[in-house]
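Participant: To be precise about what I am sending: the file is called start18.cif and holds mmCIF, C-alpha atoms.
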```cif
data_start
#
loop_
_atom_site.label_atom_id
_atom_site.label_comp_id
_atom_site.auth_asym_id
_atom_site.auth_seq_id
_atom_site.Cartn_x
_atom_site.Cartn_y
_atom_site.Cartn_z
CA MET L 404 80.12 123.39 64.29
CA ALA L 405 81.91 120.10 63.71
CA TYR L 406 84.89 119.56 66.00
CA ASP L 407 87.84 117.21 65.61
CA PHE L 408 87.09 115.76 69.05
CA ASP L 409 84.25 115.71 71.54
CA LEU L 410 86.78 115.78 74.39
CA PHE L 411 90.42 116.82 74.36
CA VAL L 412 92.27 115.88 77.55
CA ILE L 413 95.53 117.61 78.46
CA GLY L 414 97.51 115.31 80.75
CA ALA L 415 97.68 111.52 80.85
CA GLY L 416 97.79 111.14 84.60
CA SER L 417 95.30 109.15 86.66
CA GLY L 418 92.38 111.58 86.28
CA GLY L 419 92.97 112.40 82.63
CA VAL L 420 93.30 108.77 81.58
CA ARG L 421 90.17 107.78 83.50
CA ALA L 422 88.12 110.56 81.92
CA ALA L 423 89.44 109.79 78.43
CA ARG L 424 88.93 106.02 78.61
CA PHE L 425 85.38 106.19 79.87
CA ALA L 426 84.36 109.05 77.61
CA ALA L 427 85.58 106.98 74.66
CA GLY L 428 83.71 103.99 76.04
CA PHE L 429 80.55 106.09 76.11
CA GLY L 430 80.99 106.77 72.40
CA ALA L 431 82.80 110.11 72.43
CA LYS L 432 85.67 110.95 70.11
CA VAL L 433 88.57 111.62 72.49
CA ALA L 434 92.19 112.75 72.32
CA VAL L 435 94.79 112.86 75.08
CA ALA L 436 98.00 114.91 74.92
CA GLU L 437 100.94 114.16 77.23
CA SER L 438 104.40 115.70 77.12
CA ARG L 439 106.14 113.64 79.81
CA TYR L 440 105.10 110.16 80.88
CA LEU L 441 101.92 108.13 80.81
CA GLY L 442 100.37 107.62 84.21
CA GLY L 443 101.31 111.02 85.58
CA THR L 444 102.89 111.73 88.95
CA CYS L 445 101.39 108.71 90.72
CA VAL L 446 102.80 106.07 88.41
CA ASN L 447 106.14 107.70 87.63
CA VAL L 448 107.31 109.90 90.51
CA GLY L 449 104.66 109.43 93.17
CA CYS L 450 102.56 106.79 94.87
CA VAL L 451 103.75 103.72 92.98
CA PRO L 452 107.56 104.10 93.04
CA LYS L 453 107.33 105.54 96.56
CA LYS L 454 105.48 102.45 97.80
CA LEU L 455 108.08 100.21 96.16
CA LEU L 456 110.83 102.09 98.01
CA VAL L 457 108.83 101.84 101.24
CA TYR L 458 108.67 98.06 100.77
CA GLY L 459 112.43 98.05 100.32
CA ALA L 460 112.97 100.07 103.48
CA HIS L 461 110.72 97.70 105.46
CA VAL L 462 113.00 94.75 104.74
CA ALA L 463 115.39 96.05 107.40
CA ASP L 464 112.61 95.66 109.98
CA GLU L 465 111.88 92.12 108.85
CA LEU L 466 115.55 91.19 109.15
CA GLU L 467 115.72 92.69 112.63
CA GLN L 468 112.65 90.74 113.75
CA ALA L 469 113.78 87.45 112.22
CA ALA L 470 115.98 86.40 115.16
CA GLY L 471 112.96 86.31 117.49
CA PHE L 472 111.41 83.67 115.26
CA GLY L 473 114.48 81.47 115.21
CA TRP L 474 116.12 82.67 112.03
CA THR L 475 119.86 83.16 111.93
CA LEU L 476 120.83 85.39 109.03
CA GLU L 477 124.12 86.54 107.68
CA GLU L 478 124.60 90.28 107.71
CA GLY L 479 122.56 91.70 104.84
CA HIS L 480 123.78 94.11 102.19
CA PHE L 481 121.54 96.64 100.46
CA ASP L 482 122.21 97.81 96.91
CA TRP L 483 120.42 101.02 95.93
CA GLY L 484 121.16 100.56 92.24
CA THR L 485 119.36 97.22 92.13
CA LEU L 486 116.26 98.63 93.81
CA ILE L 487 116.11 101.62 91.45
CA ALA L 488 116.68 99.48 88.36
CA ASN L 489 113.91 97.09 89.38
CA LYS L 490 111.64 100.03 90.17
CA ASN L 491 112.33 101.56 86.75
CA ARG L 492 111.46 98.30 85.02
CA GLU L 493 108.13 98.16 86.82
CA ILE L 494 107.32 101.78 85.96
CA GLU L 495 108.08 101.08 82.30
CA ARG L 496 105.68 98.14 82.43
CA LEU L 497 102.96 100.38 83.90
CA ASN L 498 103.60 103.04 81.25
CA GLY L 499 102.88 100.37 78.64
CA ILE L 500 99.68 99.36 80.41
CA TYR L 501 98.45 102.97 80.44
CA ARG L 502 99.24 103.29 76.74
CA ASN L 503 97.26 100.14 75.98
CA LEU L 504 94.34 101.29 78.13
CA LEU L 505 94.07 104.46 76.09
CA VAL L 506 94.69 103.07 72.63
CA ASN L 507 92.48 100.03 73.15
CA SER L 508 89.69 102.33 74.28
CA GLY L 509 89.82 104.15 70.95
CA VAL L 510 91.50 107.28 72.33
CA THR L 511 93.85 109.25 70.07
CA LEU L 512 97.15 109.60 71.98
CA LEU L 513 99.27 112.65 71.13
CA GLN L 514 102.72 112.78 72.68
CA GLY L 515 103.81 116.39 72.99
CA HIS L 516 103.12 119.60 74.89
CA ALA L 517 99.56 120.84 74.54
CA ARG L 518 98.75 124.54 74.63
CA ILE L 519 95.25 125.96 74.58
CA THR L 520 94.92 128.54 71.81
CA GLY L 521 91.21 129.26 72.12
CA ALA L 522 88.02 128.24 73.87
CA ASN L 523 87.76 125.17 71.64
CA GLU L 524 91.24 124.81 70.23
CA VAL L 525 94.48 123.11 71.35
CA GLU L 526 97.88 123.11 69.69
CA VAL L 527 100.27 120.15 70.02
CA GLU L 528 103.71 120.31 68.40
CA GLY L 529 102.50 122.86 65.82
CA GLN L 530 99.32 120.97 64.94
CA ARG L 531 95.98 122.48 65.93
CA TYR L 532 92.93 120.50 66.98
CA SER L 533 89.39 121.63 67.73
CA ALA L 534 87.30 120.15 70.55
CA ALA L 535 83.83 120.65 71.94
CA ASN L 536 85.24 120.21 75.44
CA ILE L 537 88.77 120.62 76.76
CA LEU L 538 89.74 118.93 80.03
CA ILE L 539 92.81 120.16 81.92
CA ALA L 540 94.35 117.37 84.01
CA THR L 541 97.98 118.48 84.17
CA GLY L 542 98.52 117.80 87.87
CA GLY L 543 101.04 119.41 90.18
CA TRP L 544 104.79 119.94 90.46
CA PRO L 545 107.05 120.10 93.53
CA GLN L 546 108.54 123.45 94.42
CA VAL L 547 111.53 124.54 96.47
CA PRO L 548 111.51 127.86 98.38
CA ASP L 549 113.47 130.65 96.76
CA ILE L 550 116.58 130.56 98.96
CA PRO L 551 120.27 130.88 98.03
CA GLY L 552 121.47 127.48 96.84
CA LYS L 553 117.99 126.13 96.03
CA GLU L 554 119.42 124.56 92.85
CA LEU L 555 121.51 122.25 95.07
CA ALA L 556 118.40 120.66 96.59
CA ILE L 557 116.30 117.86 95.12
CA THR L 558 112.60 117.02 95.24
CA SER L 559 110.65 113.78 94.93
CA ASN L 560 111.04 114.02 91.13
CA GLU L 561 114.81 113.55 91.37
CA ALA L 562 114.87 111.28 94.43
CA PHE L 563 113.58 108.31 92.45
CA TYR L 564 116.54 108.51 90.08
CA LEU L 565 119.49 109.14 92.42
CA LYS L 566 122.53 107.21 91.24
CA GLN L 567 123.36 106.14 94.77
CA LEU L 568 121.88 106.29 98.24
CA PRO L 569 123.19 109.41 100.02
CA ARG L 570 125.03 108.73 103.25
CA ARG L 571 123.52 111.76 105.02
CA VAL L 572 120.16 113.27 104.10
CA LEU L 573 118.31 116.38 105.25
CA VAL L 574 114.58 116.10 104.52
CA VAL L 575 112.78 119.45 104.68
CA GLY L 576 109.02 119.58 105.16
CA GLY L 577 106.20 118.52 107.44
CA GLY L 578 103.70 116.89 105.10
CA TYR L 579 103.20 113.25 104.24
CA ILE L 580 105.79 113.27 101.43
CA ALA L 581 108.50 114.52 103.78
CA VAL L 582 107.60 111.99 106.46
CA GLU L 583 107.47 109.12 103.98
CA PHE L 584 110.82 109.90 102.36
CA ALA L 585 112.49 110.41 105.72
CA GLY L 586 111.40 106.86 106.57
CA ILE L 587 112.60 105.55 103.21
CA PHE L 588 116.05 107.10 103.45
CA GLN L 589 116.51 106.07 107.07
CA GLY L 590 115.15 102.57 106.54
CA LEU L 591 117.59 101.99 103.68
CA GLY L 592 120.53 103.05 105.83
CA ALA L 593 121.04 106.79 105.38
CA ASP L 594 121.71 109.05 108.37
CA THR L 595 118.50 111.08 108.13
CA THR L 596 117.31 114.33 109.67
CA LEU L 597 113.80 115.73 109.19
CA LEU L 598 113.49 119.52 109.46
CA TYR L 599 110.12 121.23 109.79
CA ARG L 600 109.46 124.89 110.42
CA GLY L 601 106.40 124.21 112.61
CA ASP L 602 105.93 122.74 116.07
CA LEU L 603 104.87 119.28 114.85
CA PHE L 604 104.54 117.65 111.43
CA LEU L 605 101.42 116.41 109.59
CA ARG L 606 99.27 119.46 110.22
CA GLY L 607 95.61 118.57 109.70
CA PHE L 608 95.96 114.99 110.92
CA ASP L 609 94.57 113.90 114.29
CA GLY L 610 96.64 115.18 117.20
CA SER L 611 97.02 111.73 118.74
CA VAL L 612 98.31 110.40 115.41
CA ARG L 613 100.86 113.18 115.05
CA THR L 614 102.20 112.80 118.57
CA HIS L 615 102.29 109.00 118.40
CA LEU L 616 104.18 108.96 115.10
CA LYS L 617 106.69 111.47 116.46
CA GLU L 618 107.40 109.18 119.40
CA GLU L 619 107.78 106.10 117.20
CA LEU L 620 110.08 107.83 114.71
CA GLU L 621 112.28 108.99 117.57
CA LYS L 622 112.46 105.41 118.85
CA ARG L 623 113.76 104.43 115.43
CA GLY L 624 116.52 107.00 115.67
CA LEU L 625 115.21 109.50 113.14
CA ASN L 626 116.55 112.95 113.96
CA LEU L 627 113.48 115.21 114.18
CA GLN L 628 114.08 118.95 114.31
CA PHE L 629 110.97 121.09 114.63
CA ASN L 630 110.81 124.90 114.48
CA ALA L 631 113.79 124.67 112.14
CA ASP L 632 114.15 126.04 108.63
CA ILE L 633 116.96 126.43 106.11
CA GLN L 634 118.16 129.91 105.19
CA ARG L 635 120.72 128.93 102.54
CA ILE L 636 122.52 125.92 101.04
CA ASP L 637 126.19 125.94 100.04
CA LYS L 638 128.33 123.30 98.36
CA LEU L 639 131.58 122.44 100.15
CA GLU L 640 134.88 121.50 98.55
CA ASP L 641 134.37 117.78 99.19
CA GLY L 642 131.03 117.89 97.36
CA SER L 643 128.85 117.76 100.47
CA LEU L 644 126.21 120.37 101.22
CA LYS L 645 126.09 122.79 104.13
CA ALA L 646 122.64 123.95 105.19
CA THR L 647 122.64 127.12 107.26
CA LEU L 648 119.50 127.34 109.38
CA LYS L 649 117.65 130.53 110.26
CA ASP L 650 118.75 130.10 113.88
CA GLY L 651 122.39 130.13 112.78
CA ARG L 652 123.13 126.42 113.11
CA GLU L 653 124.88 124.60 110.29
CA LEU L 654 124.13 121.05 109.17
CA VAL L 655 126.21 119.10 106.65
CA ALA L 656 124.70 116.42 104.41
CA ASP L 657 125.18 114.75 101.06
CA CYS L 658 121.61 115.42 99.95
CA VAL L 659 118.99 118.06 100.81
CA PHE L 660 115.52 116.83 99.91
CA TYR L 661 112.65 119.35 99.83
CA ALA L 662 109.00 118.35 100.27
CA THR L 663 107.52 121.71 101.15
CA GLY L 664 104.58 121.84 98.80
CA ARG L 665 103.44 121.46 95.22
CA ARG L 666 102.08 123.96 92.72
CA PRO L 667 99.57 123.45 89.90
CA MET L 668 101.30 122.63 86.60
CA LEU L 669 100.09 125.47 84.38
CA ASP L 670 103.36 126.25 82.56
CA ASN L 671 102.82 127.38 78.98
CA LEU L 672 99.29 126.00 79.05
CA GLY L 673 97.83 129.00 77.22
CA LEU L 674 95.28 129.98 79.84
CA GLU L 675 95.76 133.61 78.79
CA ASN L 676 93.93 132.66 75.59
CA THR L 677 90.85 131.61 77.54
CA GLY L 678 88.45 132.92 80.14
CA VAL L 679 89.78 130.44 82.74
CA GLU L 680 90.30 132.05 86.14
CA LEU L 681 92.55 130.97 89.01
CA ASP L 682 91.59 131.05 92.68
CA GLU L 683 93.49 132.93 95.38
CA ARG L 684 95.92 130.00 95.80
CA GLY L 685 96.76 129.83 92.10
CA TYR L 686 94.70 126.73 91.26
CA ILE L 687 92.15 126.59 88.45
CA ARG L 688 88.76 127.73 89.70
CA VAL L 689 85.97 125.24 88.95
CA ASP L 690 82.38 124.72 90.01
CA GLU L 691 80.85 121.54 91.40
CA GLN L 692 80.81 120.01 87.91
CA TYR L 693 84.50 120.84 87.29
CA GLN L 694 83.53 123.58 84.86
CA THR L 695 85.98 126.47 84.72
CA THR L 696 84.95 130.07 84.12
CA ALA L 697 85.30 129.28 80.39
CA PRO L 698 82.22 127.15 79.52
CA SER L 699 83.99 124.71 77.16
CA ILE L 700 86.96 124.06 79.48
CA LEU L 701 86.96 121.75 82.52
CA ALA L 702 89.63 120.83 85.04
CA ILE L 703 90.17 118.00 87.53
CA GLY L 704 92.80 116.56 89.85
CA ASP L 705 95.67 118.30 91.57
CA VAL L 706 95.41 121.31 89.26
CA ILE L 707 92.16 122.38 90.98
CA GLY L 708 93.66 122.03 94.46
CA ARG L 709 90.83 120.22 96.23
CA VAL L 710 91.81 116.81 97.63
CA GLN L 711 95.11 115.99 95.97
CA LEU L 712 94.93 112.19 95.96
CA THR L 713 95.02 109.77 93.03
CA PRO L 714 91.69 108.03 93.84
CA VAL L 715 90.02 111.43 94.05
CA ALA L 716 91.33 112.41 90.60
CA LEU L 717 90.01 109.09 89.28
CA ALA L 718 86.57 109.80 90.73
CA GLU L 719 86.58 113.32 89.28
CA GLY L 720 87.59 112.01 85.86
CA MET L 721 84.76 109.49 85.95
CA ALA L 722 82.30 112.19 86.99
CA VAL L 723 83.28 114.40 84.03
CA ALA L 724 83.00 111.55 81.53
CA ARG L 725 79.58 110.56 82.82
CA ARG L 726 78.17 114.08 82.97
CA LEU L 727 79.22 114.88 79.40
CA PHE L 728 78.54 111.59 77.67
CA LYS L 729 76.46 109.33 79.95
CA PRO L 730 74.37 111.74 82.06
CA GLU L 731 72.00 109.03 83.27
CA GLN L 732 74.93 107.54 85.22
CA TYR L 733 76.24 110.87 86.54
CA ARG L 734 76.72 111.38 90.26
CA THR L 735 78.77 113.92 92.15
CA VAL L 736 82.00 113.05 93.93
CA ASP L 737 81.61 112.72 97.69
CA TYR L 738 84.58 114.41 99.37
CA GLN L 739 83.49 113.31 102.85
CA ASN L 740 85.13 110.38 104.62
CA ILE L 741 87.94 109.82 102.12
CA PRO L 742 90.27 107.10 103.50
CA THR L 743 93.92 108.14 103.45
CA ALA L 744 97.21 106.40 104.19
CA VAL L 745 100.63 107.84 104.93
CA PHE L 746 103.33 105.26 104.24
CA SER L 747 105.56 106.40 107.05
CA GLN L 748 107.30 103.86 109.24
CA PRO L 749 105.10 102.90 111.00
CA PRO L 750 102.31 103.85 108.56
CA ILE L 751 99.17 105.90 109.20
CA GLY L 752 95.63 105.08 108.13
CA THR L 753 92.82 107.57 108.68
CA VAL L 754 89.23 108.20 107.60
CA GLY L 755 86.65 110.72 108.73
CA LEU L 756 86.98 113.57 111.20
CA THR L 757 89.89 114.11 113.53
CA GLU L 758 89.12 114.81 117.18
CA GLU L 759 89.99 118.45 116.61
CA GLN L 760 87.75 118.74 113.53
CA ALA L 761 84.81 117.09 115.29
CA LEU L 762 85.03 119.52 118.19
CA ALA L 763 85.47 122.49 115.86
CA VAL L 764 82.20 121.78 114.02
CA GLY L 765 80.27 121.39 117.27
CA HIS L 766 80.14 117.67 117.98
CA LYS L 767 80.12 116.46 121.55
CA VAL L 768 82.54 113.56 121.28
CA GLN L 769 83.60 110.40 123.00
CA ILE L 770 87.16 109.26 122.31
CA PHE L 771 88.26 105.64 122.30
CA GLU L 772 92.02 105.08 122.13
CA SER L 773 94.21 102.04 122.38
CA ARG L 774 98.00 101.72 122.31
CA PHE L 775 99.55 98.28 122.27
CA ARG L 776 102.59 96.31 121.16
CA ALA L 777 101.74 94.24 118.10
CA MET L 778 101.70 90.47 118.55
CA LYS L 779 104.40 90.07 115.92
CA LEU L 780 106.83 92.02 118.09
CA THR L 781 106.31 90.03 121.30
CA LEU L 782 109.10 87.59 120.38
CA THR L 783 111.49 90.47 119.67
CA ASP L 784 113.05 93.31 121.65
CA ILE L 785 111.33 95.94 119.50
CA GLN L 786 109.13 98.25 121.57
CA GLU L 787 107.10 99.88 118.79
CA LYS L 788 103.49 100.63 119.74
CA THR L 789 100.39 100.66 117.53
CA LEU L 790 97.76 103.37 118.01
CA MET L 791 94.07 102.96 117.23
CA LYS L 792 91.49 105.66 117.82
CA LEU L 793 87.77 106.18 117.29
CA VAL L 794 86.05 109.57 117.39
CA VAL L 795 82.36 109.08 118.22
CA ASP L 796 79.45 111.51 118.40
CA ALA L 797 78.27 111.29 122.00
CA ASP L 798 74.67 112.18 121.10
CA THR L 799 74.05 109.97 118.05
CA ASP L 800 76.68 107.23 118.68
CA LYS L 801 77.80 107.67 115.06
CA VAL L 802 81.48 106.98 114.41
CA LEU L 803 82.91 110.20 113.04
CA GLY L 804 86.53 109.19 112.53
CA CYS L 805 88.91 106.22 112.64
CA HIS L 806 92.66 106.68 112.98
CA MET L 807 95.55 104.23 113.17
CA VAL L 808 99.34 104.24 113.35
CA GLY L 809 100.87 100.81 112.92
CA PRO L 810 101.56 97.95 110.50
CA ASP L 811 99.02 97.54 107.69
CA ALA L 812 97.18 100.73 108.69
CA GLY L 813 96.33 101.54 105.07
CA GLU L 814 94.92 98.07 104.44
CA ILE L 815 92.80 98.14 107.60
CA ILE L 816 91.44 101.66 107.16
CA GLN L 817 89.97 100.86 103.71
CA GLY L 818 87.33 98.59 105.25
CA LEU L 819 86.55 101.13 107.94
CA GLY L 820 86.02 103.69 105.20
CA ILE L 821 83.05 101.64 104.01
CA ALA L 822 81.65 101.55 107.54
CA LEU L 823 81.85 105.32 107.89
CA LYS L 824 80.37 105.81 104.42
CA ALA L 825 77.43 103.68 105.56
CA GLY L 826 77.01 105.73 108.75
CA ALA L 827 78.00 103.03 111.23
CA THR L 828 77.52 103.62 114.95
CA LYS L 829 79.81 102.67 117.79
CA GLN L 830 77.26 100.06 118.87
CA GLN L 831 77.53 98.43 115.43
CA PHE L 832 81.32 98.41 115.77
CA ASP L 833 80.90 96.78 119.20
CA GLU L 834 78.51 94.16 117.86
CA THR L 835 80.85 93.19 115.03
CA ILE L 836 82.85 90.07 115.87
CA GLY L 837 86.58 90.57 115.53
CA VAL L 838 89.03 88.50 113.51
CA HIS L 839 91.37 86.94 116.08
CA PRO L 840 94.27 87.28 116.56
CA THR L 841 94.72 90.45 114.53
CA ALA L 842 95.44 94.09 115.23
CA ALA L 843 92.32 95.06 113.28
CA GLU L 844 90.01 93.48 115.87
CA GLU L 845 90.98 96.24 118.30
CA PHE L 846 88.70 98.57 116.36
CA VAL L 847 85.69 96.47 117.41
CA THR L 848 86.78 95.67 120.97
CA MET L 849 87.48 99.17 122.35
CA ARG L 850 84.82 99.55 125.03
CA THR L 851 86.15 102.13 127.49
CA VAL L 852 85.88 105.84 126.76
CA THR L 853 89.36 107.37 126.98
CA ARG L 854 87.98 110.89 127.38
#
```
Turn this file's structure into C-alpha cells for me.
Facilitator:
Amino acid sequence: MAYDFDLFVIGAGSGGVRAARFAAGFGAKVAVAESRYLGGTCVNVGCVPKKLLVYGAHVADELEQAAGFGWTLEEGHFDWGTLIANKNREIERLNGIYRNLLVNSGVTLLQGHARITGANEVEVEGQRYSAANILIATGGWPQVPDIPGKELAITSNEAFYLKQLPRRVLVVGGGYIAVEFAGIFQGLGADTTLLYRGDLFLRGFDGSVRTHLKEELEKRGLNLQFNADIQRIDKLEDGSLKATLKDGRELVADCVFYATGRRPMLDNLGLENTGVELDERGYIRVDEQYQTTAPSILAIGDVIGRVQLTPVALAEGMAVARRLFKPEQYRTVDYQNIPTAVFSQPPIGTVGLTEEQALAVGHKVQIFESRFRAMKLTLTDIQEKTLMKLVVDADTDKVLGCHMVGPDAGEIIQGLGIALKAGATKQQFDETIGVHPTAAEEFVTMRTVTR
C-alpha cells in the first residue's frame, strides 16, 4: 500500500524534531504535526527559558561579590518585565530556528492538533493522512493535585509569563523543577518558601548532595518547610492567596507555584483507535526499539516515562530514525551514566551511581568527599561551600559516580560523564593532572577515603 508519508511525527519537541529531521535526511518522506509551539517544552516553557531566568537570578550574587574585588556599585534595580520580554524574544528566535530546521530538511510541517484515527492514519484539522509509521512525541504536562482552590495555583507553564514578579511565593514540590524555581524567585527578590511533603527534597539524588544543598539554601535565607503539604487554597479580599496546610497552619502569599509532577500528554490523541497500551503509571508502553503494542506506532521522550530529559529524547529520536531508515547506523540508547544538572543556587551536577544506589546493587564502595569555599569567594564575606564527591568500587577501583554542588557544576560534570562512559578508574583520576587554580581540579586531587 502506498502511504502519504513514511513517517508521521506527532509533536515538534526535541525528540520529534530530531527524529523527523534525520529521517528526512535519510530519504524518508516525513510530516510533523504540532498544535502549540515548535521546540516543545524545553525551548518554550522548560530548560531554555528556565536557564535564562537562572542567569538573571545569579546577577544578584555577582553584585554582592563585587565589593570584594574593589567595585563600588550603586544600588541595583531589577525589572521583571524586561527580563520576560527579552526571554520571549529569544524563544521566538528559537521557534524560527526549529521551523527552518524542519522545512529545510524537507519535512512537511502541519500546524494543528493531530489525532490518530487508525493504525496508519492521522487526522489534522479535518484532513486525514496515511503513514507507514506514526511516532508519538507529545511530551508531558504539569499537573496540580486535586485540592480545593487548585485553579488559583500556577505551574511552570504560567510562571514564564507572569506579568510581574510576585512579592511572596510558595513553591510546592521536592523535585528539580521546584528547587530551581525556588532559587529563581528568591534570587530575583521574592520572599520565597519551598514546601515539600517528604523529609528532604530531590529524592533519588545522592544523600550528600541533598543534605549539602539544603544547608546552602538555608544559608541564602530560603524558607524550607519539609513534611508540609497544602490542603486548600483560598483567595483573600486583597487578592493574595491563603494556603491552609494539612497540619492546620496558614500561609499567605501572592503566588502558589506547583511543581509536583508531570503527566504524559495524551489528550485527544486517539489512542482508543489503536492497539497502543499504557503502563501502570499511565505512560505509553514501548519495547527497547520504542515500538508500542501497535506495530506501526512508536513513541519516544517524556510520553514513555523513562528518563525525562531533553538530551535523552534527542537520542531516542535519532535511534528511531536510524532503525527505520538507516539501519546500518542504528545503535541502542545507553541509559547508564547520563550526566544531569539541576540549576539550583548553587547548582548540582551528577553522573553515575549515588552512594545509596551503589550499595543497593551490591558494590563495596569507597567514598571520597571534599567541601571547600570556592576561591572566588575568599575576597568576600560569603560562606557558601562547594561539595565534590566520588563513589568508587573498592574491588575494581572503577569510579561509579561523580557528584557536585557548586558553581559551574553542570559544565564540569559533562567532562566527567565521558570519563565514566569510558570506565575510568580512581587511579586514572589520580594520575590526571589538574587545571590550576580551578574547582574542577578537586575531582583529580581527592586522595583520602572519607568512608
Participant: Suppose a student applies the PyMOL selection byres ((chain L and resi 766-769) around 7) to this structure; what residues should they get, written as a ChimeraX atom specification?
Facilitator: /L:761-762,764-765,770-771,794-798,852,854
Participant: Quick one: of L:Met404, L:Arg439, L:Lys729, L:Leu476, who's nearest to Ala427 of chain L, counting all atoms listed in the file?
Facilitator: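 Looking at the shortest contact to Ala427 of chain L, the residue is L:Lys729.
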Participant: Measuring atom to atom with all atoms listed in the file, identify which of L:Gly704, L:Gly529, L:Gly601, L:Gly678 is nearest to Thr444 of chain L.
Facilitator: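 Counting all atoms listed in the file, the residue closest to Thr444 of chain L is L:Gly704.
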Participant: Selection in question (the file shown): the PyMOL selection byres ((chain L and resi 749) around 8). Which residues does it include, as number ranges by chain?
Facilitator: L: 616, 619-620, 746-748, 750-751, 808-810
Participant: Near segment 630-640 of chain L, within 9 Å and counting only C-alpha atoms, which residues show up once chain neighbours fewer than 2 positions away are dropped, as a list in words?
Facilitator: Ile550, Pro551, Gly552, Lys553, Glu554, Leu555, Ala556, Val575, Gly576, Leu598, Tyr599, Arg600, Gly601, Asp602, Leu603, Gln628, Gly642, Ser643, Leu644, Lys645, Ala646, Thr647, Leu648, Lys649, Asp650, Gly651 and Val659 of chain L
Participant: Write the residues of the selection above to a file with C-alpha atoms, as a compact mmCIF listing (two decimals), in the frame of the given file.
Facilitator:
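File selection.txt, as written:
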```txt
# COMPACT_ATOMS: atom_id res chain seq x y z
CA ILE L 550 116.58 130.56 98.96
CA PRO L 551 120.27 130.88 98.03
CA GLY L 552 121.47 127.48 96.84
CA LYS L 553 117.99 126.13 96.03
CA GLU L 554 119.42 124.56 92.85
CA LEU L 555 121.51 122.25 95.07
CA ALA L 556 118.40 120.66 96.59
CA VAL L 575 112.78 119.45 104.68
CA GLY L 576 109.02 119.58 105.16
CA LEU L 598 113.49 119.52 109.46
CA TYR L 599 110.12 121.23 109.79
CA ARG L 600 109.46 124.89 110.42
CA GLY L 601 106.40 124.21 112.61
CA ASP L 602 105.93 122.74 116.07
CA LEU L 603 104.87 119.28 114.85
CA GLN L 628 114.08 118.95 114.31
CA GLY L 642 131.03 117.89 97.36
CA SER L 643 128.85 117.76 100.47
CA LEU L 644 126.21 120.37 101.22
CA LYS L 645 126.09 122.79 104.13
CA ALA L 646 122.64 123.95 105.19
CA THR L 647 122.64 127.12 107.26
CA LEU L 648 119.50 127.34 109.38
CA LYS L 649 117.65 130.53 110.26
CA ASP L 650 118.75 130.10 113.88
CA GLY L 651 122.39 130.13 112.78
CA VAL L 659 118.99 118.06 100.81
```
Participant: Which residue gives the smallest distance to Ala540 of chain L among L:Glu719, L:Asp657, L:Glu683, L:Glu675, with only C-alpha atoms counted?
Facilitator: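 Comparing L:Glu719, L:Asp657, L:Glu683, L:Glu675 against Ala540 of chain L, the winner is L:Glu719.
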Participant: Let me know the residues the PyMOL selection byres ((chain L and resi 423) around 12) catches in the file above, as a ChimeraX atom specification.
Facilitator: /L:408-422,424-436,501-502,504-512,536-540,717,719-725,727-728
Participant: Which distance in Å separates atom CA of Gln694 of chain L and atom CA of Gly543 of chain L, to one decimal?
Facilitator: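 Atom-to-atom, atom CA of Gln694 of chain L and atom CA of Gly543 of chain L are spaced 18.8 Å apart.
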